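Structure file final38.cif with mmCIF, C-alpha atoms and all ligand atoms:
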```cif
data_start
loop_
_atom_site.label_atom_id
_atom_site.label_comp_id
_atom_site.auth_asym_id
_atom_site.auth_seq_id
_atom_site.Cartn_x
_atom_site.Cartn_y
_atom_site.Cartn_z
CA MET A 1 -4.02 -19.67 2.97
CA PHE A 2 -6.27 -16.82 1.78
CA GLU A 3 -9.93 -16.84 0.92
CA GLN A 4 -11.77 -14.23 -1.07
CA VAL A 5 -14.54 -12.25 0.61
CA ASP A 6 -17.07 -9.75 -0.68
CA TYR A 7 -16.12 -6.17 0.19
CA ARG A 8 -19.75 -5.62 1.24
CA ASN A 9 -19.25 -7.98 4.18
CA LEU A 10 -16.13 -6.37 5.64
CA GLN A 11 -16.35 -5.11 9.19
CA PHE A 12 -13.47 -2.96 10.32
CA ASN A 13 -12.74 0.65 11.11
CA PRO A 14 -10.82 2.11 8.13
CA PHE A 15 -9.67 5.14 10.13
CA THR A 16 -7.85 3.20 12.84
CA THR A 17 -6.88 0.27 10.62
CA ILE A 18 -5.13 2.52 8.11
CA GLY A 19 -4.13 5.47 10.27
CA GLU A 20 -3.00 3.64 13.41
CA ASP A 21 -2.32 -0.01 12.57
CA ALA A 22 -0.80 0.87 9.15
CA CYS A 23 -0.40 -1.40 6.14
CA LEU A 24 2.06 -2.45 3.47
CA ILE A 25 1.73 -1.23 -0.09
CA THR A 26 3.40 -3.85 -2.27
CA VAL A 27 4.14 -3.54 -5.96
CA GLY A 28 5.82 -5.82 -8.48
CA GLU A 29 6.02 -9.52 -9.27
CA THR A 30 7.92 -12.49 -7.80
CA LYS A 31 11.08 -11.62 -9.71
CA SER A 32 11.13 -7.98 -8.61
CA TRP A 33 8.93 -6.27 -6.05
CA ASN A 34 9.05 -3.72 -3.29
CA THR A 35 6.96 -2.98 -0.23
CA MET A 36 6.60 0.05 2.02
CA THR A 37 4.60 0.90 5.09
CA ALA A 38 1.75 3.38 4.81
CA SER A 39 -0.57 4.95 7.33
CA TRP A 40 -2.14 7.45 4.99
CA GLY A 41 -4.79 6.03 2.75
CA ALA A 42 -8.47 5.96 1.98
CA MET A 43 -11.16 3.48 1.03
CA GLY A 44 -14.51 4.14 -0.51
CA PHE A 45 -16.41 4.23 -3.76
CA LEU A 46 -15.33 6.06 -6.90
CA TRP A 47 -16.20 5.85 -10.58
CA GLY A 48 -18.76 3.20 -9.72
CA LYS A 49 -16.33 0.84 -8.03
CA PRO A 50 -14.91 0.08 -4.58
CA VAL A 51 -11.50 1.72 -4.30
CA CYS A 52 -8.38 1.86 -2.17
CA ILE A 53 -6.44 5.10 -2.44
CA VAL A 54 -2.78 5.28 -1.43
CA PHE A 55 -0.40 8.22 -1.17
CA ILE A 56 3.24 7.72 -2.11
CA ARG A 57 5.97 10.34 -2.14
CA ASP A 58 8.14 10.52 -5.25
CA SER A 59 11.20 9.91 -3.07
CA ARG A 60 10.15 6.32 -2.20
CA TYR A 61 11.66 3.39 -4.05
CA THR A 62 8.09 2.05 -4.19
CA TYR A 63 7.21 5.05 -6.35
CA GLN A 64 9.46 3.70 -9.10
CA PHE A 65 7.55 0.41 -9.02
CA ILE A 66 4.03 1.78 -8.87
CA GLU A 67 4.58 4.20 -11.73
CA SER A 68 5.05 1.33 -14.18
CA ALA A 69 2.80 -1.24 -12.48
CA GLN A 70 -0.65 -2.27 -13.55
CA GLY A 71 -1.69 -2.99 -9.95
CA PHE A 72 -0.71 -3.12 -6.30
CA THR A 73 -1.79 -4.67 -3.03
CA VAL A 74 -2.63 -3.09 0.31
CA SER A 75 -2.03 -5.60 3.11
CA PHE A 76 -2.90 -5.48 6.80
CA PHE A 77 -1.30 -7.56 9.55
CA PRO A 78 -1.91 -8.87 13.06
CA ALA A 79 -0.42 -6.69 15.81
CA GLU A 80 2.63 -8.93 16.27
CA TRP A 81 3.91 -7.80 12.87
CA ARG A 82 3.98 -4.14 13.85
CA ARG A 83 7.78 -4.19 14.21
CA ALA A 84 8.07 -5.54 10.67
CA LEU A 85 5.87 -2.73 9.42
CA ASP A 86 7.97 -0.17 11.28
CA PHE A 87 11.07 -1.68 9.66
CA CYS A 88 9.54 -1.50 6.17
CA GLY A 89 8.63 2.12 6.87
CA THR A 90 12.10 3.18 7.95
CA HIS A 91 14.29 1.33 5.45
CA SER A 92 14.35 1.47 1.68
CA GLY A 93 14.15 -1.50 -0.62
CA ARG A 94 16.95 0.21 -2.54
CA ASP A 95 19.34 -0.82 0.26
CA ILE A 96 17.88 -3.89 1.90
CA ASP A 97 15.82 -7.06 1.37
CA LYS A 98 12.81 -6.26 3.52
CA ALA A 99 11.45 -9.84 3.49
CA ALA A 100 14.77 -11.31 4.64
CA LYS A 101 15.10 -8.74 7.41
CA THR A 102 11.54 -9.01 8.77
CA GLY A 103 10.55 -12.63 8.17
CA LEU A 104 7.62 -11.57 6.03
CA VAL A 105 7.09 -14.28 3.40
CA PRO A 106 6.18 -12.95 -0.07
CA VAL A 107 3.28 -14.64 -1.87
CA ALA A 108 2.21 -14.07 -5.47
CA LEU A 109 -1.45 -13.51 -6.23
CA ASP A 110 -2.98 -13.60 -9.68
CA GLY A 111 -3.29 -10.14 -11.19
CA LEU A 112 -4.96 -9.28 -14.48
CA ASP A 113 -3.80 -10.75 -17.82
CA GLU A 114 -1.50 -13.37 -16.22
CA SER A 115 0.38 -10.75 -14.23
CA GLU A 116 1.20 -11.22 -10.56
CA ARG A 117 0.65 -9.11 -7.49
CA MET A 118 2.59 -9.60 -4.29
CA THR A 119 1.51 -9.81 -0.69
CA PHE A 120 2.77 -11.70 2.37
CA GLU A 121 1.75 -14.97 4.02
CA GLN A 122 1.25 -13.25 7.36
CA ALA A 123 -1.27 -10.66 6.12
CA ASN A 124 -4.73 -10.97 7.62
CA MET A 125 -6.50 -8.79 5.04
CA VAL A 126 -5.37 -7.91 1.52
CA PHE A 127 -6.83 -5.60 -1.10
CA SER A 128 -5.60 -6.48 -4.57
CA CYS A 129 -6.08 -3.44 -6.79
CA THR A 130 -5.80 -2.39 -10.40
CA LYS A 131 -4.15 1.01 -10.68
CA ALA A 132 -6.92 3.18 -12.07
CA ALA A 133 -5.49 6.67 -11.75
CA ARG A 134 -2.40 8.52 -10.60
CA LEU A 135 -2.91 12.06 -9.45
CA PRO A 136 0.02 14.22 -8.34
CA PHE A 137 -0.52 16.56 -5.41
CA GLU A 138 -0.07 20.17 -6.39
CA SER A 139 0.84 22.74 -3.79
CA SER A 140 -1.40 25.31 -5.48
CA GLN A 141 -4.41 23.11 -4.68
CA PHE A 142 -3.84 23.06 -0.91
CA VAL A 143 -6.66 25.21 0.47
CA ILE A 144 -5.26 25.14 4.02
CA PRO A 145 -1.72 26.59 3.72
CA SER A 146 -0.33 24.62 6.67
CA ILE A 147 -0.62 21.39 4.63
CA GLU A 148 2.56 22.60 2.92
CA GLU A 149 4.38 21.95 6.23
CA HIS A 150 4.28 18.24 5.38
CA TYR A 151 6.56 18.97 2.44
CA PRO A 152 9.70 20.86 3.55
CA ASN A 153 11.60 19.07 0.75
CA ARG A 154 8.76 19.54 -1.73
CA ASP A 155 8.57 15.78 -2.31
CA TYR A 156 4.81 15.74 -2.69
CA HIS A 157 2.74 12.61 -2.55
CA ARG A 158 1.13 11.12 -5.57
CA MET A 159 -2.33 9.72 -5.08
CA TYR A 160 -2.95 6.32 -6.67
CA VAL A 161 -6.54 5.19 -6.95
CA GLY A 162 -6.88 1.41 -7.09
CA PHE A 163 -10.01 -0.40 -8.20
CA ILE A 164 -10.37 -3.28 -5.74
CA ASP A 165 -10.38 -6.56 -7.69
CA GLN A 166 -10.18 -8.90 -4.73
CA VAL A 167 -10.41 -8.75 -0.95
CA LEU A 168 -8.60 -11.64 0.72
CA VAL A 169 -8.58 -12.70 4.35
CA GLN A 170 -6.95 -15.62 6.14
CA GLU A 171 -8.91 -18.83 5.62
CA SER A 172 -10.99 -19.67 8.71
C1 LIG B 201 3.93 4.11 10.15
C2 LIG B 201 4.47 4.65 8.83
C3 LIG B 201 3.58 5.13 7.88
C4 LIG B 201 4.05 5.63 6.64
N1 LIG B 201 3.14 6.08 5.71
C5 LIG B 201 3.59 6.51 4.50
C6 LIG B 201 2.65 6.90 3.48
O1 LIG B 201 1.42 6.81 3.63
N2 LIG B 201 3.18 7.37 2.29
C7 LIG B 201 4.52 7.46 2.07
O2 LIG B 201 4.94 7.90 0.99
N3 LIG B 201 5.43 7.06 3.01
C8 LIG B 201 4.98 6.57 4.20
N4 LIG B 201 5.88 6.13 5.15
C9 LIG B 201 7.31 6.15 4.84
C10 LIG B 201 7.77 4.97 3.97
O3 LIG B 201 7.20 3.75 4.40
C11 LIG B 201 9.30 4.87 4.06
O4 LIG B 201 9.90 6.04 3.55
C12 LIG B 201 9.88 3.63 3.41
O5 LIG B 201 11.19 3.45 3.89
C13 LIG B 201 9.88 3.71 1.88
O6 LIG B 201 10.45 2.52 1.42
P1 LIG B 201 10.98 2.35 -0.08
O7 LIG B 201 12.07 3.39 -0.31
O8 LIG B 201 11.50 0.93 -0.10
O9 LIG B 201 9.80 2.55 -0.96
C14 LIG B 201 5.44 5.64 6.39
C15 LIG B 201 6.33 5.16 7.35
C16 LIG B 201 5.87 4.66 8.56
C17 LIG B 201 6.83 4.11 9.58
#
```

As structure tokens:
Amino acid sequence: MFEQVDYRNLQFNPFTTIGEDACLITVGETKSWNTMTASWGAMGFLWGKPVCIVFIRDSRYTYQFIESAQGFTVSFFPAEWRRALDFCGTHSGRDIDKAAKTGLVPVALDGLDESERMTFEQANMVFSCTKAARLPFESSQFVIPSIEEHYPNRDYHRMYVGFIDQVLVQES
């Protein structure tokens, strides 16, 4: 289903792929996982490694998973799955089975030390990451004061830096 590719060979626009197409951040293992839609994120190079950086508000159910997880996946989908992504971004896994409601089929990938990481059969590109750092946003660090307008309820994002262990794409 998936094949591994070298991150050096990827050809896509991270700005539109993350910011406009959006992705699913998925955390947990077969027995218990959660996924949420994200359109804020970053990719690049940090601490000598290729990284994916995701931003998750404390109010998300996913936050409870990623705090205790060793890793997570960031998965991208063909355009026909946009409605599923919108669903996963407007409903909480606290209340609903997102796979059952969207038709997304969960798949377990090998994580580190015999752990699992979850993604979905329909993904066309997956970054499987080890959680390297968690960095809370602090209001006092916002240089441009209007950034605070994103946080009327003061539920700031936490930034999670993931070292990319594997990049997977659909087998050709
Ligand atoms: C297009 C889109 C992008 C989103 N991006 C983010 C994001 O980057 N970070 C975040 O914390 N929430 C983001 N959200 C909101 C969460 O996906 C949403 O609150 C979701 O229901 C959380 O699910 P959970 O409670 O199961 O974790 C986004 C929602 C949508 C529709």

- Expected answer as a PyMOL selection string: residues within 9 Å of ligand LIG 201 (chain B), only C-alpha atoms and all ligand atoms: chain A and resi 19-25+34-41+54-65+85-96+98+156-158

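Of the residues listed (A:Thr17, A:Ser139, A:Gln170, A:Thr119), A:Thr119 shows the shortest atom-to-atom separation from A:Trp33; distances use all atoms listed in the file.
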
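Take the candidates A:Glu114, A:Tyr151, A:Lys101, A:Glu3 and check each one against A:Val126 using all atoms listed in the file; the shortest distance goes to A:Glu3.
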
- So how many Å separate atom CA of A:Gly111 and atom CA of A:Thr16, to one decimal? 27.9 Å

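Of note, atom CA of A:Val51 and atom CA of A:Arg154 are spaced 27.1 Å apart.
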